[in-house]
Number of protein chains: 4
Amino acid sequence: MQEDAICEGNYVLMYLNKRRTYLVKVRRGQVLHTHKGYIKLDELIGKRYGSKIKSHLGYTFIALKPTLRDYVFKFSRKTQIIYPKDIALIVLYSGIGPGSRVVEAGTGSGALTSALAYYVKPTGKVYSYEIREDVLEVAKKNLEKAGLLDYVEFKLKDVTEGIDEKNVDAVILDLATPWLVVPHAYEALADWGVFTSYSPTIDQVVKTVEALKKEGFVATECLECLVRKIKVIPGETRPETLMIGHTGYIVIARKSFKEESD
Amino acid sequence: MQEDAICEGNYVLMYLNKRRTYLVKVRRGQVLHTHKGYIKLDELIGKRYGSKIKSHLGYTFIALKPTLRDYVFKFSRKTQIIYPKDIALIVLYSGIGPGSRVVEAGTGSGALTSALAYYVKPTGKVYSYEIREDVLEVAKKNLEKAGLLDYVEFKLKDVTEGIDEKNVDAVILDLATPWLVVPHAYEALADWGVFTSYSPTIDQVVKTVEALKKEGFVATECLECLVRKIKVIPGETRPETLMIGHTGYIVIARKSFKEESD
Amino acid sequence: MQEDAICEGNYVLMYLNKRRTYLVKVRRGQVLHTHKGYIKLDELIGKRYGSKIKSHLGYTFIALKPTLRDYVFKFSRKTQIIYPKDIALIVLYSGIGPGSRVVEAGTGSGALTSALAYYVKPTGKVYSYEIREDVLEVAKKNLEKAGLLDYVEFKLKDVTEGIDEKNVDAVILDLATPWLVVPHAYEALADWGVFTSYSPTIDQVVKTVEALKKEGFVATECLECLVRKIKVIPGETRPETLMIGHTGYIVIARKSFKEESD
Amino acid sequence: MQEDAICEGNYVLMYLNKRRTYLVKVRRGQVLHTHKGYIKLDELIGKRYGSKIKSHLGYTFIALKPTLRDYVFKFSRKTQIIYPKDIALIVLYSGIGPGSRVVEAGTGSGALTSALAYYVKPTGKVYSYEIREDVLEVAKKNLEKAGLLDYVEFKLKDVTEGIDEKNVDAVILDLATPWLVVPHAYEALADWGVFTSYSPTIDQVVKTVEALKKEGFVATECLECLVRKIKVIPGETRPETLMIGHTGYIVIARKSFKEESD
């Protein structure tokens, strides 16, 4: 058997086409049912990632190794999830990386949580606040699926009432009232800490930016990210007709001290 | 002295306002000269990050700890650098993270290199190909500044002639003729490897996508990312007048085998 | 009866909400059936535009006078229609106005035709070429509905084989191979004439721009127009989630003479 | 002499390249001075539009007949002018056309005024309100230059205090406080009238939309228009690097009656 081959217990992204992919956990005796026929998962064991597998109706599927983005797209959802484009900007602009300690709220389906965990591992930690227990349970299962549970401490707590951690590298918010968390974020952040929040409406942004200013944050920015897909076909290349026109605004700010040093 | 305070040898981002920031290495006896007056860098030593410092003309600067994005913006440049928005998407969509082994070409000013190094550390590695020696020297200095030199192996080599590494997690290209590298990328990538390229023109994209198809890559996508900044002022909130309308297209593809498995 | 009131034979846009509007011709004895109940059209006669009318189920409809844009949205379609945003730019950038003589091809559903007719009336004329007779019949009915038939001469002809008219103010193309029409457009246009074409793919644009250059057109531009809708709700204002990400590229060029004058 | 040739008194757009164009009135004995040499305007008389003319330094200029858009771009400005892309949408979405009677405020530099005049001629009229006399004088000169003065009645009046006209087809606002004009617009508009306003900030939009709702307008929409230019060069086609990211939001609404009819 090929080293690095697909083993029992692995997750595999069965790719039919751009619109049809299936995230499956490989287990003996299990079957993937699709509208293009079924595939016995036993067949996958020992195959290399990237292999082509035919369904019983003769359609070809490709057994891809899921990336972080694939996991995020396939997460069970109790809440609206944040898009990979926004996750990507939040991760880069908040300055986090391997070893960072990050406070996140709310957990939601764990999409952003999983990305944060992915990039702070192996030595960093994500402290993820959520007030709904049922939502938190789903998030935990999603993180487990993505193999990232060890890097997250889930907290069933209302972050608007306070943050337990101190000296964290970043506070990242995806909740309805980020402005209420700004003073707590200020206390929790290390001197070099970065505040980031993600909000669908401009009104949330304005309130958050005002709270940041009042609290002593500086270098505050607000931006939105639009991703347009291009259909690349020789002689017929063009952007896709429909696109996501809005998800949310991203606000980033840096901690500073209110008083000038002497 | 406050733990985590600014020490000699540290880099500090002196923030005057959104348009005026200065990345300085703290050295005794050195002076930062700006159009708003000078600051003796000795003053920074022992201060906490986030502190406010006045120039001799009385203007307030804030001593921020530079993030990855700050380093990238301040890199010395021999070539056009890739924007943080594009770096962010390339990192997330290529699936890399701590521990990944990544081939990158060309190195250019090292902006993308530094982000790749930042996210694959501490156990991963970036193999960065560049054909111009002068460009490579600048990149090395930039990576050293950002403290990321240990995670990069620079190679003064023409990547269109071949890739030395095998079984890498990602091949990421920012060069004029990515399509010429596609066959080498296929050989270099692990079974689960992700191909990514970044190109300013649509013609480069079309050629690359055709080469990917011919070589056996699947799940090919092309996208462009537009970031719009919002001026948030209570009662006067509006997007900024000017924006970057285009930088480059991002192409992502996944390795697969040409033959179906039996 | 109020002057300017709704008369038999008038078209009325029955507005239920943003997603549900009905363009009806007022005729005695006719009934508008909707999923929110029916309305007897007799009731509309003598009412003022802007009046509220209840369906038999008690839902309120508003009797609006249709604008050009409403007609265009409600046209019967045999082909993909061009969006009002693109029509607006084409009309303005092609420089046409009351009195202009314009060649258009292909007619399609007549959406662009109707806008051209609307703006060149009362003294101008649109010459509209179309090769499919069935398509032309639908367009004629649409133009009749909008009351614009008098300003259009429909031609069941292949415009790639030649344009009959001379000295026209503008040639406006929405067909698969605009570059084949460029030499004919050059001949048909007055000295000050403007060429405009609308194409979904970038490949069509490149071929058209090359043909324009070869033929002696100058000041050639290519642009695309993105319209984003904003949901304005106090405290919850935000752009809509979905938007049209691409319709077509607009190419504009001006006639010039190949030789320099002495 | 060629019929339709350039005559004394005509305006001509001297086109050097996309970035360098000159709008000149042809007068005997006058000279156009440019950084690429001078051209005696006498030379233009009797030439056909589209002719190439060399400057005394040997650079080629093309004598184009200005379109509405050219006039607008070349207007003398005392105020920020509205972009052609926004003018185009405002004209189409407000439903005006030849014969329409339109109230506009404020006049500003007359860019929008000239477009409205251009499309309502020959039988329509634009009533244009402006409070600053100096601004109005500039606008009048601009409209005269574009040959559109006959279709506009300028009013040195504060439109927030009332509109003199009744039964107009459209009220179109480009001023700081459109919400203050909403009740007057309601009174001035015919039953089928369309309200349109153009505002740079989202706060203006929210206030205007609330005023419209209170007053009894329906079918209210808000949109923004982004135009991206494409550099079309065979083998190197790509959007331009810089674009206008924001000008203003367009709000459109339709008149309705507050009470239901019986």
# chains A, B, ... in the order shown; residues from 1 in each chain; ligands from 1
call {"tool": "closest_atom_pairs", "arguments": {"of": "chain B", "to": "chain D", "cutoff": "9 Å", "atoms": "only C-alpha atoms", "output": "JSON lines"}}
result
{"residue": "B:Pro200", "atom": "CA", "partner": "D:Arg238", "partner_atom": "CA", "distance": 6.7}
{"residue": "B:Thr201", "atom": "CA", "partner": "D:Arg238", "partner_atom": "CA", "distance": 4.9}
{"residue": "B:Ile202", "atom": "CA", "partner": "D:Thr237", "partner_atom": "CA", "distance": 6.0}
{"residue": "B:Asp203", "atom": "CA", "partner": "D:Gly235", "partner_atom": "CA", "distance": 5.5}
{"residue": "B:Gln204", "atom": "CA", "partner": "D:Gly235", "partner_atom": "CA", "distance": 7.9}
{"residue": "B:Arg228", "atom": "CA", "partner": "D:Gly245", "partner_atom": "CA", "distance": 7.0}
{"residue": "B:Lys229", "atom": "CA", "partner": "D:Gly245", "partner_atom": "CA", "distance": 8.6}
{"residue": "B:Pro234", "atom": "CA", "partner": "D:Asp203", "partner_atom": "CA", "distance": 8.3}
{"residue": "B:Gly235", "atom": "CA", "partner": "D:Asp203", "partner_atom": "CA", "distance": 5.5}
{"residue": "B:Glu236", "atom": "CA", "partner": "D:Thr201", "partner_atom": "CA", "distance": 5.5}
{"residue": "B:Thr237", "atom": "CA", "partner": "D:Thr201", "partner_atom": "CA", "distance": 5.5}
{"residue": "B:Arg238", "atom": "CA", "partner": "D:Thr201", "partner_atom": "CA", "distance": 4.9}
{"residue": "B:Pro239", "atom": "CA", "partner": "D:His246", "partner_atom": "CA", "distance": 5.8}
{"residue": "B:Glu240", "atom": "CA", "partner": "D:His246", "partner_atom": "CA", "distance": 6.1}
{"residue": "B:Thr241", "atom": "CA", "partner": "D:His246", "partner_atom": "CA", "distance": 4.7}
{"residue": "B:Leu242", "atom": "CA", "partner": "D:Ile244", "partner_atom": "CA", "distance": 4.8}
{"residue": "B:Met243", "atom": "CA", "partner": "D:Gly245", "partner_atom": "CA", "distance": 4.9}
{"residue": "B:Ile244", "atom": "CA", "partner": "D:Leu242", "partner_atom": "CA", "distance": 4.8}
{"residue": "B:Gly245", "atom": "CA", "partner": "D:Met243", "partner_atom": "CA", "distance": 4.9}
{"residue": "B:His246", "atom": "CA", "partner": "D:Thr241", "partner_atom": "CA", "distance": 4.7}
{"residue": "B:Thr247", "atom": "CA", "partner": "D:Thr241", "partner_atom": "CA", "distance": 6.3}
{"residue": "B:Gly248", "atom": "CA", "partner": "D:Arg238", "partner_atom": "CA", "distance": 8.5}
call {"tool": "residues_around", "arguments": {"residues": "range 175-177 of chain B", "least_positions_apart": "3", "cutoff": "9 Å", "atoms": "only C-alpha atoms", "output": "list in words"}}
result
Ala105, Gly106, Thr107, Gly108, Thr160, Leu180, Val181, Ser197, Tyr198, Ser199, Pro200, Gln204, Lys207 and Thr208 of chain B
call {"tool": "write_last_selection", "arguments": {"atoms": "N, CA and C atoms", "output": "PDB file, in the first residue's frame"}}
result
ATOM      1  N   ALA B 105       7.490  30.530  -6.735  1.00  0.00           N
ATOM      2  CA  ALA B 105       8.325  31.156  -7.774  1.00  0.00           C
ATOM      3  C   ALA B 105       7.489  32.217  -8.475  1.00  0.00           C
ATOM      4  N   GLY B 106       8.071  33.417  -8.853  1.00  0.00           N
ATOM      5  CA  GLY B 106       9.367  33.856  -8.456  1.00  0.00           C
ATOM      6  C   GLY B 106       9.310  34.569  -7.127  1.00  0.00           C
ATOM      7  N   THR B 107      10.450  34.657  -6.530  1.00  0.00           N
ATOM      8  CA  THR B 107      10.574  35.255  -5.203  1.00  0.00           C
ATOM      9  C   THR B 107      10.196  36.739  -5.216  1.00  0.00           C
ATOM     10  N   GLY B 108      10.663  37.440  -6.236  1.00  0.00           N
ATOM     11  CA  GLY B 108      10.414  38.884  -6.313  1.00  0.00           C
ATOM     12  C   GLY B 108      10.922  39.579  -5.067  1.00  0.00           C
ATOM     13  N   THR B 160      11.029  27.316 -14.602  1.00  0.00           N
ATOM     14  CA  THR B 160      10.428  26.747 -15.828  1.00  0.00           C
ATOM     15  C   THR B 160      11.258  25.569 -16.340  1.00  0.00           C
ATOM     16  N   LEU B 180       4.176  27.403 -18.201  1.00  0.00           N
ATOM     17  CA  LEU B 180       5.391  26.613 -18.455  1.00  0.00           C
ATOM     18  C   LEU B 180       5.812  25.807 -17.224  1.00  0.00           C
ATOM     19  N   VAL B 181       5.304  26.174 -16.069  1.00  0.00           N
ATOM     20  CA  VAL B 181       5.693  25.519 -14.823  1.00  0.00           C
ATOM     21  C   VAL B 181       4.700  24.416 -14.450  1.00  0.00           C
ATOM     22  N   SER B 197      -1.702  30.011  -8.965  1.00  0.00           N
ATOM     23  CA  SER B 197      -0.895  31.020  -9.640  1.00  0.00           C
ATOM     24  C   SER B 197      -1.615  32.355  -9.638  1.00  0.00           C
ATOM     25  N   TYR B 198      -0.836  33.382  -9.770  1.00  0.00           N
ATOM     26  CA  TYR B 198      -1.310  34.765  -9.679  1.00  0.00           C
ATOM     27  C   TYR B 198      -0.800  35.505 -10.905  1.00  0.00           C
ATOM     28  N   SER B 199      -1.720  36.064 -11.693  1.00  0.00           N
ATOM     29  CA  SER B 199      -1.333  36.690 -12.969  1.00  0.00           C
ATOM     30  C   SER B 199      -2.146  37.943 -13.232  1.00  0.00           C
ATOM     31  N   PRO B 200      -1.508  39.006 -13.666  1.00  0.00           N
ATOM     32  CA  PRO B 200      -2.240  40.246 -13.961  1.00  0.00           C
ATOM     33  C   PRO B 200      -3.153  40.184 -15.185  1.00  0.00           C
ATOM     34  N   GLN B 204      -2.748  35.259 -19.557  1.00  0.00           N
ATOM     35  CA  GLN B 204      -1.949  34.333 -18.754  1.00  0.00           C
ATOM     36  C   GLN B 204      -2.841  33.293 -18.088  1.00  0.00           C
ATOM     37  N   LYS B 207      -4.021  30.579 -20.647  1.00  0.00           N
ATOM     38  CA  LYS B 207      -2.948  29.623 -20.959  1.00  0.00           C
ATOM     39  C   LYS B 207      -2.677  28.686 -19.780  1.00  0.00           C
ATOM     40  N   THR B 208      -2.717  29.238 -18.590  1.00  0.00           N
ATOM     41  CA  THR B 208      -2.448  28.420 -17.403  1.00  0.00           C
ATOM     42  C   THR B 208      -3.550  27.392 -17.191  1.00  0.00           C
TER      43      THR B 208
END
call {"tool": "residues_around", "arguments": {"residues": "Val152 in chain D", "least_positions_apart": "2", "cutoff": "6 Å", "atoms": "only C-alpha atoms", "output": "PyMOL selection string"}}
result
chain D and resi 125-127+149-150
call {"tool": "write_last_selection", "arguments": {"atoms": "N, CA and C atoms", "output": "CSV table (one decimal), in the first residue's frame"}}
result
chain,number,residue,atom,x,y,z
D,125,LYS,N,-38.5,70.5,-20.8
D,125,LYS,CA,-37.9,71.6,-20.1
D,125,LYS,C,-37.3,71.1,-18.8
D,126,VAL,N,-36.1,71.7,-18.5
D,126,VAL,CA,-35.5,71.5,-17.2
D,126,VAL,C,-35.6,72.7,-16.4
D,127,TYR,N,-36.1,72.6,-15.1
D,127,TYR,CA,-36.2,73.7,-14.2
D,127,TYR,C,-35.1,73.4,-13.2
D,149,LEU,N,-28.9,75.7,-23.8
D,149,LEU,CA,-29.5,76.7,-22.9
D,149,LEU,C,-31.0,76.9,-23.1
D,150,ASP,N,-31.5,76.6,-24.3
D,150,ASP,CA,-32.9,76.9,-24.6
D,150,ASP,C,-33.8,75.9,-23.8
call {"tool": "residues_around", "arguments": {"residues": "range 34-43 of chain B", "least_positions_apart": "3", "cutoff": "7 Å", "atoms": "only C-alpha atoms", "output": "ChimeraX atom specification"}}
result
/B:26-31,55-57,59
call {"tool": "write_last_selection", "arguments": {"atoms": "C-alpha atoms", "output": "compact mmCIF listing (two decimals), in the first residue's frame"}}
result
# COMPACT_ATOMS: atom_id res chain seq x y z
CA VAL B 26 15.46 50.41 17.18
CA ARG B 27 19.13 51.23 17.58
CA ARG B 28 20.79 53.44 20.17
CA GLY B 29 21.91 56.77 18.85
CA GLN B 30 19.71 56.54 15.74
CA VAL B 31 17.13 59.12 14.78
CA SER B 55 8.47 64.29 17.74
CA HIS B 56 10.63 67.32 18.51
CA LEU B 57 7.98 69.40 16.72
CA TYR B 59 3.52 65.64 16.68
call {"tool": "residues_around", "arguments": {"residues": "Phe195 in chain A", "least_positions_apart": "3", "cutoff": "12 Å", "atoms": "only C-alpha atoms", "output": "MDAnalysis selection string"}}
result
chainID A and resid 90:91 93:96 102:105 168:174 178:179 181:192 198 208:209 211:212 215:222 250:256
call {"tool": "atom_distance", "arguments": {"atom1": "CA of Leu226 in chain B", "atom2": "CA of Pro84 in chain C"}}
result
24.0 Å
call {"tool": "residues_around", "arguments": {"residues": "Glu137 in chain B", "least_positions_apart": "3", "cutoff": "12 Å", "atoms": "only C-alpha atoms", "output": "list in words"}}
result
Ser76, Arg77, Lys78, Thr107, Gly108, Ser109, Gly110, Glu130, Ile131, Arg132, Glu133, Asp134, Lys140, Lys141, Asn142, Leu143, Glu144, Phe154, Lys155 and Leu156 of chain B
call {"tool": "closest_residue", "arguments": {"among": "A:Lys85, A:Lys258, A:Lys47, A:Lys65", "to": "Lys213 in chain A", "atoms": "only C-alpha atoms"}}
result
A:Lys258
call {"tool": "residues_around", "arguments": {"residues": "Thr123 in chain D", "least_positions_apart": "4", "cutoff": "9 Å", "atoms": "only C-alpha atoms", "output": "ChimeraX atom specification"}}
result
/D:98-101,151
call {"tool": "atom_distance", "arguments": {"atom1": "CA of Glu8 in chain D", "atom2": "CA of Lys25 in chain D"}}
result
7.9 Å
call {"tool": "atom_distance", "arguments": {"atom1": "CA of Asp164 in chain D", "atom2": "CA of Ser114 in chain D"}}
result
20.8 Å
call {"tool": "select_by_dssp", "arguments": {"residues": "range 54-210 of chain C", "states": "strand (DSSP E)", "output": "count of residues only"}}
result
39
call {"tool": "select_by_dssp", "arguments": {"residues": "range 31-72 of chain D", "states": "helix (DSSP H, G or I)", "output": "PyMOL selection string"}}
result
chain D and resi 41-44+68-72
